[in-house]
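What follows is the content of input-v6.pdb, which has PDB, C-alpha atoms:
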```pdb
MODEL        1
ATOM      1  CA  MET A  29      93.321  82.112  56.039  1.00  0.00           C
ATOM      2  CA  HIS A  30      93.341  78.324  56.069  1.00  0.00           C
ATOM      3  CA  HIS A  31      90.795  76.927  58.520  1.00  0.00           C
ATOM      4  CA  ILE A  32      91.186  73.700  60.467  1.00  0.00           C
ATOM      5  CA  ASN A  33      88.265  72.138  62.264  1.00  0.00           C
ATOM      6  CA  ILE A  34      89.284  70.856  65.701  1.00  0.00           C
ATOM      7  CA  GLN A  35      86.560  69.673  67.999  1.00  0.00           C
ATOM      8  CA  PRO A  36      86.670  70.674  71.692  1.00  0.00           C
ATOM      9  CA  GLY A  37      88.740  68.167  73.627  1.00  0.00           C
ATOM     10  CA  SER A  38      90.920  67.251  70.646  1.00  0.00           C
ATOM     11  CA  GLU A  39      94.275  68.410  71.928  1.00  0.00           C
ATOM     12  CA  SER A  40      96.899  66.183  70.359  1.00  0.00           C
ATOM     13  CA  LEU A  41     100.144  68.075  69.833  1.00  0.00           C
ATOM     14  CA  PRO A  42     100.298  67.605  66.011  1.00  0.00           C
ATOM     15  CA  GLU A  43      96.773  68.989  65.561  1.00  0.00           C
ATOM     16  CA  VAL A  44      97.404  71.940  67.841  1.00  0.00           C
ATOM     17  CA  MET A  45     100.704  72.737  66.102  1.00  0.00           C
ATOM     18  CA  GLU A  46      98.998  72.653  62.708  1.00  0.00           C
ATOM     19  CA  LEU A  47      96.351  75.077  63.898  1.00  0.00           C
ATOM     20  CA  ALA A  48      98.997  77.320  65.474  1.00  0.00           C
ATOM     21  CA  LYS A  49     100.746  77.648  62.107  1.00  0.00           C
ATOM     22  CA  THR A  50      97.612  79.197  60.622  1.00  0.00           C
ATOM     23  CA  LEU A  51      97.880  82.032  63.139  1.00  0.00           C
ATOM     24  CA  LEU A  52     101.391  83.085  62.173  1.00  0.00           C
ATOM     25  CA  PRO A  53     101.623  86.450  60.415  1.00  0.00           C
ATOM     26  CA  PRO A  54     102.405  86.550  56.681  1.00  0.00           C
ATOM     27  CA  GLY A  55     106.099  85.797  56.297  1.00  0.00           C
ATOM     28  CA  GLY A  56     106.272  83.416  59.239  1.00  0.00           C
ATOM     29  CA  ARG A  57     107.556  83.735  62.760  1.00  0.00           C
ATOM     30  CA  ALA A  58     107.914  87.202  64.272  1.00  0.00           C
ATOM     31  CA  LYS A  59     110.917  87.787  66.515  1.00  0.00           C
ATOM     32  CA  ILE A  60     110.602  89.398  69.906  1.00  0.00           C
ATOM     33  CA  GLN A  61     112.099  92.861  70.304  1.00  0.00           C
ATOM     34  CA  ARG A  62     114.912  91.984  72.653  1.00  0.00           C
ATOM     35  CA  CYS A  63     115.845  95.473  73.825  1.00  0.00           C
ATOM     36  CA  LEU A  64     114.440  98.961  73.758  1.00  0.00           C
ATOM     37  CA  SER A  65     117.569 100.417  72.158  1.00  0.00           C
ATOM     38  CA  PRO A  66     120.047  98.976  69.631  1.00  0.00           C
ATOM     39  CA  SER A  67     122.828 100.129  71.953  1.00  0.00           C
ATOM     40  CA  HIS A  68     121.915  97.439  74.480  1.00  0.00           C
ATOM     41  CA  THR A  69     124.078  94.339  74.256  1.00  0.00           C
ATOM     42  CA  CYS A  70     122.389  92.540  77.156  1.00  0.00           C
ATOM     43  CA  CYS A  71     118.637  92.091  77.451  1.00  0.00           C
ATOM     44  CA  ARG A  72     117.449  92.208  81.062  1.00  0.00           C
ATOM     45  CA  CYS A  73     113.945  90.878  81.693  1.00  0.00           C
ATOM     46  CA  ALA A  74     111.690  91.173  84.717  1.00  0.00           C
ATOM     47  CA  VAL A  75     108.973  88.536  85.067  1.00  0.00           C
ATOM     48  CA  VAL A  76     106.431  89.847  87.561  1.00  0.00           C
ATOM     49  CA  GLY A  77     104.094  87.360  89.196  1.00  0.00           C
ATOM     50  CA  ASN A  78     101.056  88.145  91.313  1.00  0.00           C
ATOM     51  CA  SER A  79     101.992  86.725  94.710  1.00  0.00           C
ATOM     52  CA  ALA A  80     101.312  88.848  97.773  1.00  0.00           C
ATOM     53  CA  ASN A  81     104.896  88.263  98.876  1.00  0.00           C
ATOM     54  CA  ILE A  82     105.818  91.197  96.635  1.00  0.00           C
ATOM     55  CA  LEU A  83     103.964  93.644  98.891  1.00  0.00           C
ATOM     56  CA  ASP A  84     106.191  95.984 100.937  1.00  0.00           C
ATOM     57  CA  SER A  85     109.182  94.903  98.828  1.00  0.00           C
ATOM     58  CA  LYS A  86     109.695  98.268  97.098  1.00  0.00           C
ATOM     59  CA  TYR A  87     110.859  96.407  93.981  1.00  0.00           C
ATOM     60  CA  GLY A  88     108.902  98.732  91.678  1.00  0.00           C
ATOM     61  CA  GLU A  89     111.705 101.004  90.498  1.00  0.00           C
ATOM     62  CA  PHE A  90     114.050  98.052  90.017  1.00  0.00           C
ATOM     63  CA  ILE A  91     111.423  96.185  87.980  1.00  0.00           C
ATOM     64  CA  ASP A  92     110.743  99.159  85.708  1.00  0.00           C
ATOM     65  CA  ALA A  93     114.470  99.535  84.952  1.00  0.00           C
ATOM     66  CA  HIS A  94     114.536  96.261  82.959  1.00  0.00           C
ATOM     67  CA  ASN A  95     114.501  96.200  79.161  1.00  0.00           C
ATOM     68  CA  LEU A  96     111.445  93.953  79.083  1.00  0.00           C
ATOM     69  CA  VAL A  97     108.783  93.663  81.788  1.00  0.00           C
ATOM     70  CA  LEU A  98     106.472  90.653  81.561  1.00  0.00           C
ATOM     71  CA  ARG A  99     103.204  90.490  83.490  1.00  0.00           C
ATOM     72  CA  MET A 100     100.365  87.994  83.360  1.00  0.00           C
ATOM     73  CA  ASN A 101      96.643  87.444  83.905  1.00  0.00           C
ATOM     74  CA  LYS A 102      95.157  90.021  86.288  1.00  0.00           C
ATOM     75  CA  CYS A 103      98.050  92.348  87.121  1.00  0.00           C
ATOM     76  CA  PRO A 104      96.952  95.812  88.297  1.00  0.00           C
ATOM     77  CA  THR A 105      99.727  98.322  88.937  1.00  0.00           C
ATOM     78  CA  GLU A 106      97.768 101.377  90.066  1.00  0.00           C
ATOM     79  CA  THR A 107      98.252 101.947  93.824  1.00  0.00           C
ATOM     80  CA  PHE A 108     100.829  99.105  93.844  1.00  0.00           C
ATOM     81  CA  GLU A 109     103.541 100.908  91.843  1.00  0.00           C
ATOM     82  CA  GLU A 110     106.079 101.099  94.667  1.00  0.00           C
ATOM     83  CA  ASP A 111     106.170  97.311  94.948  1.00  0.00           C
ATOM     84  CA  VAL A 112     105.273  95.985  91.468  1.00  0.00           C
ATOM     85  CA  GLY A 113     106.290  98.853  89.175  1.00  0.00           C
ATOM     86  CA  ARG A 114     104.345 100.509  86.359  1.00  0.00           C
ATOM     87  CA  ARG A 115     105.745  99.257  83.066  1.00  0.00           C
ATOM     88  CA  VAL A 116     104.614  96.266  81.030  1.00  0.00           C
ATOM     89  CA  THR A 117     106.104  95.438  77.643  1.00  0.00           C
ATOM     90  CA  HIS A 118     104.602  91.952  77.275  1.00  0.00           C
ATOM     91  CA  TYR A 119     101.272  90.856  78.704  1.00  0.00           C
ATOM     92  CA  ILE A 120     100.836  87.082  79.023  1.00  0.00           C
ATOM     93  CA  ALA A 121      97.362  85.569  79.090  1.00  0.00           C
ATOM     94  CA  TYR A 122      94.907  82.977  77.801  1.00  0.00           C
ATOM     95  CA  PRO A 123      91.187  83.568  77.058  1.00  0.00           C
ATOM     96  CA  GLU A 124      89.906  83.051  80.600  1.00  0.00           C
ATOM     97  CA  SER A 125      92.583  85.314  82.112  1.00  0.00           C
ATOM     98  CA  TYR A 126      92.661  88.013  79.434  1.00  0.00           C
ATOM     99  CA  TYR A 127      92.170  91.683  80.370  1.00  0.00           C
ATOM    100  CA  GLN A 128      92.314  94.003  77.377  1.00  0.00           C
ATOM    101  CA  GLU A 129      93.215  97.089  79.421  1.00  0.00           C
ATOM    102  CA  TYR A 130      96.739  95.771  80.014  1.00  0.00           C
ATOM    103  CA  LEU A 131      97.522  95.945  76.282  1.00  0.00           C
ATOM    104  CA  LYS A 132      97.563  99.737  76.075  1.00  0.00           C
ATOM    105  CA  ASN A 133     101.348  99.888  75.703  1.00  0.00           C
ATOM    106  CA  ALA A 134     102.221  96.199  75.553  1.00  0.00           C
ATOM    107  CA  SER A 135     102.368  93.229  73.230  1.00  0.00           C
ATOM    108  CA  LEU A 136     100.253  90.161  73.935  1.00  0.00           C
ATOM    109  CA  LEU A 137     102.063  86.871  74.490  1.00  0.00           C
ATOM    110  CA  PHE A 138      99.185  84.456  74.058  1.00  0.00           C
ATOM    111  CA  ILE A 139      99.278  81.055  75.778  1.00  0.00           C
ATOM    112  CA  PRO A 140      97.036  78.385  74.210  1.00  0.00           C
ATOM    113  CA  PHE A 141      96.305  75.789  76.876  1.00  0.00           C
ATOM    114  CA  LYS A 142      93.882  73.988  74.552  1.00  0.00           C
ATOM    115  CA  ALA A 143      92.853  73.947  70.915  1.00  0.00           C
ATOM    116  CA  ALA A 144      89.795  76.064  71.713  1.00  0.00           C
ATOM    117  CA  ASP A 145      92.129  78.852  72.871  1.00  0.00           C
ATOM    118  CA  LEU A 146      93.710  79.005  69.420  1.00  0.00           C
ATOM    119  CA  LEU A 147      90.263  79.244  67.869  1.00  0.00           C
ATOM    120  CA  TRP A 148      89.466  82.111  70.268  1.00  0.00           C
ATOM    121  CA  LEU A 149      92.614  83.938  69.184  1.00  0.00           C
ATOM    122  CA  ARG A 150      91.815  83.418  65.519  1.00  0.00           C
ATOM    123  CA  ASN A 151      88.454  85.120  66.034  1.00  0.00           C
ATOM    124  CA  TYR A 152      90.141  88.213  67.456  1.00  0.00           C
ATOM    125  CA  LEU A 153      93.048  88.565  65.036  1.00  0.00           C
ATOM    126  CA  SER A 154      92.631  90.787  62.015  1.00  0.00           C
ATOM    127  CA  PHE A 155      94.745  89.983  58.973  1.00  0.00           C
ATOM    128  CA  ALA A 156      92.822  92.502  56.845  1.00  0.00           C
ATOM    129  CA  LYS A 157      93.996  96.061  56.215  1.00  0.00           C
ATOM    130  CA  LYS A 158      90.707  97.553  57.358  1.00  0.00           C
ATOM    131  CA  PRO A 159      90.682  99.056  60.886  1.00  0.00           C
ATOM    132  CA  PRO A 160      89.825  96.349  63.446  1.00  0.00           C
ATOM    133  CA  ASP A 161      86.913  96.765  65.811  1.00  0.00           C
ATOM    134  CA  LYS A 162      87.616  97.686  69.421  1.00  0.00           C
ATOM    135  CA  LYS A 163      87.812  94.035  70.488  1.00  0.00           C
ATOM    136  CA  ALA A 164      90.108  92.920  67.676  1.00  0.00           C
ATOM    137  CA  LEU A 165      93.807  92.380  68.290  1.00  0.00           C
ATOM    138  CA  ASP A 166      96.529  93.997  66.218  1.00  0.00           C
ATOM    139  CA  ILE A 167      98.478  91.047  64.832  1.00  0.00           C
ATOM    140  CA  SER A 168     101.725  93.030  64.876  1.00  0.00           C
ATOM    141  CA  ARG A 169     101.479  93.148  68.678  1.00  0.00           C
ATOM    142  CA  VAL A 170     100.645  89.477  69.241  1.00  0.00           C
ATOM    143  CA  LYS A 171     103.153  86.728  69.986  1.00  0.00           C
ATOM    144  CA  LEU A 172     101.985  83.111  70.136  1.00  0.00           C
ATOM    145  CA  TYR A 173     103.561  80.881  72.775  1.00  0.00           C
ATOM    146  CA  ASN A 174     104.842  77.739  71.078  1.00  0.00           C
ATOM    147  CA  PRO A 175     102.541  74.845  72.118  1.00  0.00           C
ATOM    148  CA  GLU A 176     105.459  72.440  71.738  1.00  0.00           C
ATOM    149  CA  LEU A 177     107.400  74.333  74.395  1.00  0.00           C
ATOM    150  CA  MET A 178     104.383  74.060  76.693  1.00  0.00           C
ATOM    151  CA  TRP A 179     104.227  70.318  76.033  1.00  0.00           C
ATOM    152  CA  ASN A 180     107.922  69.981  76.892  1.00  0.00           C
ATOM    153  CA  ALA A 181     107.441  71.862  80.165  1.00  0.00           C
ATOM    154  CA  LYS A 182     104.818  69.365  81.254  1.00  0.00           C
ATOM    155  CA  HIS A 183     106.045  66.059  79.837  1.00  0.00           C
ATOM    156  CA  ILE A 184     109.835  66.378  79.598  1.00  0.00           C
ATOM    157  CA  TRP A 185     110.912  68.809  82.312  1.00  0.00           C
ATOM    158  CA  GLY A 186     108.319  67.445  84.709  1.00  0.00           C
ATOM    159  CA  VAL A 187     106.402  70.082  86.646  1.00  0.00           C
ATOM    160  CA  GLY A 188     104.439  67.707  88.825  1.00  0.00           C
ATOM    161  CA  TRP A 189     100.934  66.336  88.658  1.00  0.00           C
ATOM    162  CA  GLY A 190      99.190  69.506  87.457  1.00  0.00           C
ATOM    163  CA  ARG A 191      97.127  69.365  84.287  1.00  0.00           C
ATOM    164  CA  TYR A 192      98.980  72.349  82.801  1.00  0.00           C
ATOM    165  CA  PRO A 193     102.048  74.391  83.703  1.00  0.00           C
ATOM    166  CA  SER A 194     100.916  77.696  85.180  1.00  0.00           C
ATOM    167  CA  THR A 195     101.011  80.962  83.252  1.00  0.00           C
ATOM    168  CA  GLY A 196     103.670  82.224  85.632  1.00  0.00           C
ATOM    169  CA  PHE A 197     105.910  79.221  85.097  1.00  0.00           C
ATOM    170  CA  LEU A 198     105.542  79.465  81.313  1.00  0.00           C
ATOM    171  CA  ALA A 199     106.389  83.174  81.499  1.00  0.00           C
ATOM    172  CA  ALA A 200     109.621  82.317  83.304  1.00  0.00           C
ATOM    173  CA  ILE A 201     110.536  79.708  80.687  1.00  0.00           C
ATOM    174  CA  PHE A 202     109.785  82.175  77.896  1.00  0.00           C
ATOM    175  CA  ALA A 203     112.141  84.690  79.495  1.00  0.00           C
ATOM    176  CA  LEU A 204     114.886  82.066  79.756  1.00  0.00           C
ATOM    177  CA  TYR A 205     114.662  81.501  76.006  1.00  0.00           C
ATOM    178  CA  ASN A 206     114.599  85.184  75.046  1.00  0.00           C
ATOM    179  CA  CYS A 207     116.568  87.151  77.641  1.00  0.00           C
ATOM    180  CA  ASP A 208     120.189  87.328  78.733  1.00  0.00           C
ATOM    181  CA  GLU A 209     119.296  88.098  82.349  1.00  0.00           C
ATOM    182  CA  VAL A 210     116.082  86.905  83.999  1.00  0.00           C
ATOM    183  CA  ASN A 211     114.860  88.346  87.297  1.00  0.00           C
ATOM    184  CA  ILE A 212     111.633  86.936  88.732  1.00  0.00           C
ATOM    185  CA  PHE A 213     109.386  88.681  91.251  1.00  0.00           C
ATOM    186  CA  GLY A 214     106.137  87.840  93.006  1.00  0.00           C
ATOM    187  CA  TYR A 215     106.283  84.036  92.776  1.00  0.00           C
ATOM    188  CA  GLY A 216     105.511  81.552  95.523  1.00  0.00           C
ATOM    189  CA  PRO A 217     103.621  81.706  98.826  1.00  0.00           C
ATOM    190  CA  ASN A 218     103.479  84.526 101.335  1.00  0.00           C
ATOM    191  CA  ARG A 219     105.026  84.349 104.796  1.00  0.00           C
ATOM    192  CA  LEU A 220     102.038  82.315 106.035  1.00  0.00           C
ATOM    193  CA  GLY A 221     102.506  79.716 103.317  1.00  0.00           C
ATOM    194  CA  GLN A 222      99.417  80.793 101.361  1.00  0.00           C
ATOM    195  CA  TRP A 223      99.400  81.422  97.616  1.00  0.00           C
ATOM    196  CA  ASP A 224      97.357  84.621  97.528  1.00  0.00           C
ATOM    197  CA  HIS A 225      97.514  87.596  95.150  1.00  0.00           C
ATOM    198  CA  TYR A 226      98.887  91.026  96.011  1.00  0.00           C
ATOM    199  CA  TYR A 227      95.598  92.650  94.965  1.00  0.00           C
ATOM    200  CA  ASP A 228      93.285  90.286  96.915  1.00  0.00           C
ATOM    201  CA  ASP A 229      93.438  92.105 100.264  1.00  0.00           C
ATOM    202  CA  LYS A 230      92.885  88.895 102.230  1.00  0.00           C
ATOM    203  CA  GLU A 231      95.852  89.370 104.565  1.00  0.00           C
ATOM    204  CA  GLY A 232      97.275  86.091 103.277  1.00  0.00           C
ATOM    205  CA  GLU A 233      95.121  83.946 105.517  1.00  0.00           C
ATOM    206  CA  SER A 234      93.307  81.842 102.928  1.00  0.00           C
ATOM    207  CA  LYS A 235      94.281  79.827  99.887  1.00  0.00           C
ATOM    208  CA  SER A 236      93.792  81.335  96.457  1.00  0.00           C
ATOM    209  CA  MET A 237      92.083  79.553  93.590  1.00  0.00           C
ATOM    210  CA  PHE A 238      95.571  78.942  92.180  1.00  0.00           C
ATOM    211  CA  GLN A 239      96.022  76.070  94.622  1.00  0.00           C
ATOM    212  CA  MET A 240      92.423  75.110  95.254  1.00  0.00           C
ATOM    213  CA  THR A 241      91.688  74.192  91.625  1.00  0.00           C
ATOM    214  CA  LEU A 242      94.628  71.725  91.498  1.00  0.00           C
ATOM    215  CA  VAL A 243      95.168  72.599  87.821  1.00  0.00           C
ATOM    216  CA  HIS A 244      98.834  73.455  88.469  1.00  0.00           C
ATOM    217  CA  ASP A 245     101.419  71.847  90.731  1.00  0.00           C
ATOM    218  CA  SER A 246     102.652  75.072  92.293  1.00  0.00           C
ATOM    219  CA  GLU A 247     105.104  73.387  94.651  1.00  0.00           C
ATOM    220  CA  ALA A 248     106.865  71.483  91.854  1.00  0.00           C
ATOM    221  CA  GLU A 249     107.084  74.611  89.708  1.00  0.00           C
ATOM    222  CA  LEU A 250     108.542  76.671  92.539  1.00  0.00           C
ATOM    223  CA  GLN A 251     111.057  73.928  93.331  1.00  0.00           C
ATOM    224  CA  LEU A 252     112.286  73.998  89.732  1.00  0.00           C
ATOM    225  CA  LEU A 253     112.560  77.801  89.796  1.00  0.00           C
ATOM    226  CA  HIS A 254     114.577  77.578  93.018  1.00  0.00           C
ATOM    227  CA  HIS A 255     116.894  75.113  91.278  1.00  0.00           C
ATOM    228  CA  LEU A 256     117.358  77.502  88.344  1.00  0.00           C
ATOM    229  CA  ASP A 257     118.111  80.256  90.850  1.00  0.00           C
ATOM    230  CA  THR A 258     120.655  78.075  92.653  1.00  0.00           C
ATOM    231  CA  ILE A 259     122.576  77.278  89.461  1.00  0.00           C
ATOM    232  CA  GLY A 260     122.568  80.916  88.368  1.00  0.00           C
ATOM    233  CA  LYS A 261     120.160  80.765  85.429  1.00  0.00           C
ATOM    234  CA  ILE A 262     117.665  83.173  87.020  1.00  0.00           C
ATOM    235  CA  SER A 263     117.407  85.395  90.084  1.00  0.00           C
ATOM    236  CA  LEU A 264     114.310  84.735  92.171  1.00  0.00           C
ATOM    237  CA  TYR A 265     113.168  87.667  94.312  1.00  0.00           C
ATOM    238  CA  GLN A 266     110.504  86.409  96.706  1.00  0.00           C
ATOM    239  CA  GLY A 267     109.820  89.585  98.632  1.00  0.00           C
ATOM    240  CA  ILE A 268     109.308  89.912 102.352  1.00  0.00           C
ATOM    241  CA  ARG A 269     105.567  89.678 103.057  1.00  0.00           C
TER     242      ARG A 269
ENDMDL
END
```

For the structure just supplied, provide its representation as structure tokens.
Amino acid sequence: MHHINIQPGSESLPEVMELAKTLLPPGGRAKIQRCLSPSHTCCRCAVVGNSANILDSKYGEFIDAHNLVLRMNKCPTETFEEDVGRRVTHYIAYPESYYQEYLKNASLLFIPFKAADLLWLRNYLSFAKKPPDKKALDISRVKLYNPELMWNAKHIWGVGWGRYPSTGFLAAIFALYNCDEVNIFGYGPNRLGQWDHYYDDKEGESKSMFQMTLVHDSEAELQLLHHLDTIGKISLYQGIR
């Protein structure tokens, strides 16, 4: 494999794109499996966020009925199945949010927020034919999120003052590019206006780190998703809690 030396903090788009190319499998870009059966003519995708507003929604069965189910970061389903479902076909994460247990029956859609993330991924990929160790990733089950698309989301579409678009927002954009029907669940604040997680058990009374870190502009992202919902590009299910 060709190696490129990028120092931490060097995150110009051309350099990152060049490094990303070294992580493509032999033969180039791998296409996403759009549907579970060739008989499907329409690919329906569920993008499941981690907001507590999904609790008590009973969306689980509806979510699991989609062709593709995308989840991200920490996304437990056990004991939450009635509301969030069980299935996951694509797990979306970056190094700091990565949980290997969610890859049991799913592909990894890896989001590189910085050049160091691509170097992390390179360390875990195995291009050799020998069996990988238990921490290695099977390259046939890894999809790399295009850094140029991430750059566009921030600098062209305009998602506010945040340093990066959030994983959830990027998951929604990915689904728009790859699915015929996009249904989004578990995004936005709870009924009290707090951005907590469904697994936090904080009764929605305090802010989550999602807003406190100020890395993402959650309000701007949600406003854009509402606009996409209004014009019929997605369906945004915001739950009841």

Considering all atoms listed in the file, return as number ranges by chain whatever protein or nucleic-acid residues lie within 7 Å of A:Cys73, sequence-local ones (same chain, fewer than 2 positions apart) excluded. A: 71, 75, 94-97, 203, 207, 209-211

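Residues in contact with stretch 101-117 of chain A at 7 Å, where all atoms listed in the file are counted and same-chain residues fewer than 6 positions away are skipped, are listed as A:Asn78, A:Ile82, A:Leu83, A:Asp84, A:Ser85, A:Lys86, A:Tyr87, A:Gly88, A:Glu89, A:Ile91, A:Asp92, A:Ser125, A:Tyr126, A:Tyr127, A:Asn133, A:Ala134, A:Ser135.
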
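With only C-alpha atoms as the atoms that count, the minimum distance from A:Ile167 to the choices A:Leu256, A:Val243, A:Ala181, A:Leu136 is reached by A:Leu136.
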
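Note that the spacing between atom CA of A:Ser246 and atom CA of A:Asp145 amounts to 22.4 Å.
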
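Here atom CA of A:Tyr152 stands at a distance of 24.3 Å from atom CA of A:Trp179.
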
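Nearest residue to A:Trp185, choosing from A:Glu249, A:Leu146, A:Leu220, A:Val170 and counting all atoms listed in the file: A:Glu249.
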
Residue nearest A:Ile262 - candidates A:Ala200, A:Gly221, A:Asp228, A:Ala48, atoms counted: all atoms listed in the file: A:Ala200

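Between atom CA of A:Tyr122 and atom CA of A:Lys182 there is a distance of 17.2 Å.
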
Write out as lines of an AutoDock Vina configuration file an axis-aligned box for stretch 219-227 of chain A: all of its atoms listed in the file, 3 Å added on each side, centre and edge lengths in Å with one decimal.
```
center_x = 100.3
center_y = 86.2
center_z = 100.5
size_x = 15.4
size_y = 18.9
size_z = 17.1
```

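What the PyMOL selection byres ((chain A and resi 263) around 10) picks from this file is Ala74, Glu209, Val210, Asn211, Ile212, Phe213, Leu253, His254, Leu256, Asp257, Thr258, Ile259, Gly260, Lys261, Ile262, Leu264, Tyr265 and Gln266 of chain A.
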
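With only C-alpha atoms as the basis for measurement, A:Ile201 is the residue among A:Ile201, A:Leu137, A:Leu177, A:Leu149 that approaches A:Leu252 most closely.
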
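Of the listed residues (A:Ile139, A:Leu172, A:Ala80, A:Cys70), A:Ile139 comes nearest to A:Gly196; the distances count all atoms listed in the file.
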
Leaving out A:Pro140 and any residue of its chain fewer than 3 positions from it, which residues lie within 12 Å of it when counting only C-alpha atoms, given as JSON, numbers by chain? {"A": [39, 41, 44, 45, 47, 48, 51, 120, 121, 122, 123, 124, 125, 126, 137, 143, 144, 145, 146, 147, 148, 149, 150, 171, 172, 173, 174, 175, 176, 177, 178, 179, 192, 193, 194, 195, 198]}
